[in-house]
Every structure is written in structure tokens, then in C-alpha cells.
Amino acid sequence: MNRKSMSFSRVFFVLPLCLLCLISAARADIGPKPEVTITVVNAPEGELYLDLLAQGEPTDSPYPNSTAECDPALLDRLRSLEGEGWVLAYTTGLARNAPVFGDVRPQENGTWRFSYIGLPETFRVAAATADEARAAQLPYTRDFVGNIVYDWQANAVREATPPPLRFLTRLAATLIPTLVIEGAILWLSGFREKRSWLVFLAVNAATQAGLHLVTGAALTQAGWHFLNYFLTIILQELVIWCAEAAAYAFLLRERSRARRVGYAFAANIASFVLGYFPLHLLHSFLVRL
């Protein structure tokens, strides 16, 4: 066995061990939960309460969401928006549903945040002041993590970050580390021709874009915890390895076909394991997009 073959053998042996060491034991209720953050603009002066209207029936035994310190009159005005099958998800609670965490009052930073597994997937933003209550006419369907803006004056909801910009930002968060890690292994594997690097860039851009289109916001939340990252990405990573192995085998011209497929395996194992760290560091930023 020559020196380069021994080097590849070490990669195959060490990287899976790193993967096993990074996976920690699962605990009950582990993992990120769906959440939505809402910023209100063009609102009138004074106190404003906000909740989410979802279709369903009110629960007979509501979860103990705290409204004891809230203004009863303002709460009644907010509840006046219920009817015709629309129920306040936090204030009233939905039948046969899990709890929703949050508050009808804003956080210290002036935004409202609702979360947990009872968070409705589709809802209308409802808001009330001392003088008026209104709810957005059009329902909004969230991703796993949502960051939206409610315009009081227009009575409409929009994304805080335009979807194309959000997609490109999240794509860059995984594509750049992948290019760095897999590019280093490409160089160490002896691929030097310009054609090889152009193929490398094109293949990774395509597979990373496909990964984001398939996983959506779940990939962003994968950075929350390595076990969650592993379970979210592992199947897609196997598909990517097969696709890249086939692409490199037929598109690259340098080295043997076995070396090209071996590179695809080593590069994807390395980027899968090491790619968690930049995604984890960027997690809190990405979920706010």
C-alpha cells in the first residue's frame, strides 16, 4: 500500500470515529421547537397586545398561559376577534393541541415570540389596542422558524427577510464551509487541473442548493444540536454522496475513476462532520432571518 492509499485509509477510519464521538445521548423532548417572531410596524401609540388566530375549537381545559398580569379590558378586546372558527392560540388555546409558549405583551426588544409544538402552522396575526382590535385578513403559513412583520396600518403580514435573500444567505452558510473543507481534500487528493476545480464548484453548488430546497428551514435548525443535525442531514448526505460520486466519476479527467469516487466519499464524510461547527455558530443568526 502506497503512502497516498494509507492516507485515505486513515481518513475513512478517523472521521467516522469523530462522528460517533460527537453524537450525544438523546433526552426526552430534545430538539428545537417551531417558533415565530413578530415585529409590529406603523402601530398607534400606547399598549398593544398580540396573539395568533388559528382555525379550530377552543380547548375545554386551557394550558396555564399567564395572562394574570394583563389588562382585562385589553384582553377582552383581543378576544373579540375570535369567531367563525378562529381561536386565539395563546390566550384561549386550541382543543386537542399542545401548548403554545409566548406572551400577548412584547418582549424587551419590542417583538412578540410564540413557540413550542402547539404553535399553529397557519394563522392570522391578531392585535388590539385600547381603542381598536384587528386581525390580518390573509392567513400566514410559517416555516419551522418564522420571522415576520405585521403592518398595523396595512393590516398585513410580510416576511422580515425577502425569501430569495433568506435562501441565498442560508445557502452561503453551508456552501462556503463545504467548499473550504472539500476543496482542501480535493487539493490533497492530487486534483490540480482547472477543469477539476470548475467541476468541483458546479457540483457542490448544485448539491447544496438541492439540500436547502429539500430541507428548507429544518437545515437551519439542524445547527441547534449535533444529534438533531445528524438525524436531519444523514439521509440527504447519502444521496449527495451518491450524486457527487457519479458526477466526479464521469466529469473529472484526472486520476483514476476509483480515486475520484474515493475523493467524493472522503470529502463528504469530512464536510458532514466538520460542517456542523460553522452551522452551529451561525444558528442564532440564521433563525432570525
# chains A, B, ... in the order shown; residues from 1 in each chain; ligands from 1

call {"tool": "residues_around", "arguments": {"residues": "A:Leu213", "least_positions_apart": "4", "cutoff": "9 Å", "atoms": "only C-alpha atoms", "output": "CSV table (one decimal) with all heavy atoms, in the first residue's frame"}}
result
chain,number,residue,atom,x,y,z
A,167,PHE,N,-32.9,32.6,1.4
A,167,PHE,CA,-32.4,31.3,0.8
A,167,PHE,C,-30.9,31.5,0.5
A,167,PHE,O,-30.1,30.5,0.8
A,167,PHE,CB,-33.2,31.0,-0.5
A,167,PHE,CG,-32.7,29.8,-1.2
A,167,PHE,CD1,-33.0,28.5,-0.8
A,167,PHE,CD2,-31.8,29.9,-2.3
A,167,PHE,CE1,-32.6,27.4,-1.5
A,167,PHE,CE2,-31.3,28.8,-3.0
A,167,PHE,CZ,-31.7,27.5,-2.6
A,208,GLN,N,-25.7,21.5,-2.9
A,208,GLN,CA,-26.0,22.3,-1.7
A,208,GLN,C,-27.4,23.1,-1.9
A,208,GLN,O,-28.2,23.2,-1.0
A,208,GLN,CB,-24.9,23.4,-1.4
A,208,GLN,CG,-23.7,22.7,-0.8
A,208,GLN,CD,-24.0,22.2,0.6
A,208,GLN,OE1,-24.5,22.8,1.5
A,208,GLN,NE2,-23.6,20.9,0.8
A,209,ALA,N,-27.6,23.6,-3.1
A,209,ALA,CA,-28.9,24.2,-3.4
A,209,ALA,C,-30.0,23.2,-3.3
A,209,ALA,O,-31.1,23.5,-2.7
A,209,ALA,CB,-28.8,24.9,-4.8

call {"tool": "residues_around", "arguments": {"residues": "A:Gly183", "least_positions_apart": "3", "cutoff": "9 Å", "atoms": "only C-alpha atoms", "output": "ChimeraX atom specification"}}
result
/A:178-180,186-188,197,200-201,267

call {"tool": "residues_around", "arguments": {"residues": "stretch 115-128 of chain A", "least_positions_apart": "6", "cutoff": "7 Å", "atoms": "only C-alpha atoms", "output": "list in words"}}
result
Lys33, Pro34, Glu35, Val36, Leu48, Tyr49, Leu50, Asp51, Leu52, Leu53, Ala54, Leu74, Arg77, Leu78, Asn97, Ala98, Pro99, Val100, Phe101, Gly102, Arg134, Ala135, Ala136, Leu138, Pro139, Tyr140, Thr141 and Arg142 of chain A

call {"tool": "residues_around", "arguments": {"residues": "A:Glu45", "least_positions_apart": "5", "cutoff": "12 Å", "atoms": "only C-alpha atoms", "output": "PDB file with N, CA, C and O atoms, in the first residue's frame"}}
result
ATOM      1  N   VAL A  40     -44.025  44.424  14.968  1.00  0.00           N
ATOM      2  CA  VAL A  40     -45.156  45.264  14.556  1.00  0.00           C
ATOM      3  C   VAL A  40     -44.638  46.636  14.135  1.00  0.00           C
ATOM      4  O   VAL A  40     -43.831  47.248  14.841  1.00  0.00           O
ATOM      5  N   ALA A 128     -54.528  44.129  19.332  1.00  0.00           N
ATOM      6  CA  ALA A 128     -55.528  45.016  19.927  1.00  0.00           C
ATOM      7  C   ALA A 128     -54.856  46.115  20.721  1.00  0.00           C
ATOM      8  O   ALA A 128     -53.837  45.890  21.391  1.00  0.00           O
ATOM      9  N   THR A 129     -55.426  47.307  20.637  1.00  0.00           N
ATOM     10  CA  THR A 129     -55.039  48.431  21.483  1.00  0.00           C
ATOM     11  C   THR A 129     -56.263  48.805  22.318  1.00  0.00           C
ATOM     12  O   THR A 129     -57.317  48.164  22.229  1.00  0.00           O
ATOM     13  N   ALA A 130     -56.131  49.847  23.113  1.00  0.00           N
ATOM     14  CA  ALA A 130     -57.256  50.272  23.949  1.00  0.00           C
ATOM     15  C   ALA A 130     -58.434  50.740  23.103  1.00  0.00           C
ATOM     16  O   ALA A 130     -59.585  50.691  23.552  1.00  0.00           O
ATOM     17  N   ASP A 131     -58.193  51.165  21.862  1.00  0.00           N
ATOM     18  CA  ASP A 131     -59.243  51.734  21.020  1.00  0.00           C
ATOM     19  C   ASP A 131     -59.709  50.832  19.895  1.00  0.00           C
ATOM     20  O   ASP A 131     -60.801  51.040  19.350  1.00  0.00           O
ATOM     21  N   GLU A 132     -58.929  49.836  19.536  1.00  0.00           N
ATOM     22  CA  GLU A 132     -59.258  49.074  18.338  1.00  0.00           C
ATOM     23  C   GLU A 132     -58.620  47.686  18.378  1.00  0.00           C
ATOM     24  O   GLU A 132     -57.563  47.495  18.984  1.00  0.00           O
ATOM     25  N   TRP A 152     -49.504  47.224  11.113  1.00  0.00           N
ATOM     26  CA  TRP A 152     -50.804  47.555  11.703  1.00  0.00           C
ATOM     27  C   TRP A 152     -51.644  48.401  10.754  1.00  0.00           C
ATOM     28  O   TRP A 152     -52.836  48.150  10.566  1.00  0.00           O
TER      29      TRP A 152
END

call {"tool": "atom_distance", "arguments": {"atom1": "atom CA of A:Thr67", "atom2": "atom CA of A:Gly83"}}
result
20.4 Å

call {"tool": "closest_residue", "arguments": {"among": "A:Arg158, A:Arg166, A:Arg260, A:Arg113", "to": "A:Tyr248", "atoms": "only C-alpha atoms"}}
result
A:Arg260

call {"tool": "closest_residue", "arguments": {"among": "A:Ala249, A:Asn42, A:Gln107, A:Gly56", "to": "A:Ala156", "atoms": "only C-alpha atoms"}}
result
A:Asn42

call {"tool": "closest_residue", "arguments": {"among": "A:Phe144, A:Tyr150, A:Phe226, A:Phe114", "to": "A:Tyr276", "atoms": "only C-alpha atoms"}}
result
A:Phe226

call {"tool": "atom_distance", "arguments": {"atom1": "atom CA of A:Ala246", "atom2": "atom CA of A:Ala270"}}
result
18.3 Å

call {"tool": "select_by_dssp", "arguments": {"residues": "stretch 108-246 of chain A", "states": "helix (DSSP H, G or I)", "output": "PyMOL selection string"}}
result
chain A and resi 163-188+194-215+217-222+226-246

call {"tool": "atom_distance", "arguments": {"atom1": "atom CA of A:Ile234", "atom2": "atom CA of A:Thr174"}}
result
14.9 Å

call {"tool": "closest_residue", "arguments": {"among": "A:Ala173, A:Leu168, A:Ile185, A:Leu227", "to": "A:Phe265", "atoms": "only C-alpha atoms"}}
result
A:Ile185

call {"tool": "residues_around", "arguments": {"residues": "A:Gly210", "least_positions_apart": "2", "cutoff": "12 Å", "atoms": "only C-alpha atoms", "output": "MDAnalysis selection string"}}
result
chainID A and resid 167 171 174:175 203:208 212:216 219 236:237 239:240 243

call {"tool": "closest_residue", "arguments": {"among": "A:Arg288, A:Thr111, A:Trp224, A:Glu244", "to": "A:Ile38", "atoms": "only C-alpha atoms"}}
result
A:Thr111

call {"tool": "select_by_dssp", "arguments": {"residues": "stretch 81-207 of chain A", "states": "strand (DSSP E)", "output": "MDAnalysis selection string"}}
result
chainID A and resid 86:88 112:115 122:128 133:135 140:141 145:151 156:159

call {"tool": "closest_residue", "arguments": {"among": "A:Ala258, A:Leu75, A:Ala218, A:Leu81", "to": "A:Gly146", "atoms": "only C-alpha atoms"}}
result
A:Ala218

call {"tool": "residues_around", "arguments": {"residues": "A:Leu94", "least_positions_apart": "6", "cutoff": "8 Å", "atoms": "only C-alpha atoms", "output": "compact mmCIF listing (two decimals) with all heavy atoms, in the first residue's frame"}}
result
# COMPACT_ATOMS: atom_id res chain seq x y z
N GLY A 56 -60.00 26.26 14.55
CA GLY A 56 -60.17 25.12 15.45
C GLY A 56 -61.21 25.43 16.50
O GLY A 56 -61.93 26.43 16.42
N GLU A 57 -61.28 24.58 17.50
CA GLU A 57 -62.20 24.75 18.62
C GLU A 57 -61.42 25.11 19.87
O GLU A 57 -60.31 24.61 20.08
CB GLU A 57 -62.99 23.46 18.86
CG GLU A 57 -63.89 23.06 17.71
CD GLU A 57 -65.02 24.05 17.49
OE1 GLU A 57 -65.46 24.68 18.48
OE2 GLU A 57 -65.45 24.20 16.32
N PRO A 58 -61.99 25.99 20.72
CA PRO A 58 -61.29 26.33 21.97
C PRO A 58 -61.21 25.10 22.88
O PRO A 58 -62.11 24.28 22.92
CB PRO A 58 -62.15 27.42 22.58
CG PRO A 58 -63.50 27.25 21.96
CD PRO A 58 -63.26 26.72 20.59
N THR A 59 -60.11 25.00 23.60
CA THR A 59 -59.92 23.86 24.49
C THR A 59 -60.77 24.00 25.74
O THR A 59 -61.04 25.10 26.22
CB THR A 59 -58.44 23.72 24.88
OG1 THR A 59 -58.29 22.60 25.75
CG2 THR A 59 -57.92 24.96 25.56
N PRO A 62 -57.78 24.88 29.17
CA PRO A 62 -56.63 25.56 28.56
C PRO A 62 -55.36 25.36 29.35
O PRO A 62 -55.37 25.20 30.57
CB PRO A 62 -57.07 27.03 28.58
CG PRO A 62 -58.11 27.12 29.64
CD PRO A 62 -58.81 25.80 29.64
N VAL A 87 -59.72 30.86 16.66
CA VAL A 87 -59.47 30.87 18.10
C VAL A 87 -58.08 31.43 18.35
O VAL A 87 -57.14 31.17 17.58
CB VAL A 87 -59.56 29.43 18.68
CG1 VAL A 87 -59.26 29.43 20.17
CG2 VAL A 87 -60.93 28.83 18.39
N LEU A 88 -57.92 32.20 19.43
CA LEU A 88 -56.61 32.72 19.82
C LEU A 88 -55.76 31.57 20.37
O LEU A 88 -56.10 30.97 21.38
CB LEU A 88 -56.76 33.83 20.86
CG LEU A 88 -57.43 35.12 20.37
CD1 LEU A 88 -57.73 36.05 21.55
CD2 LEU A 88 -56.56 35.82 19.34
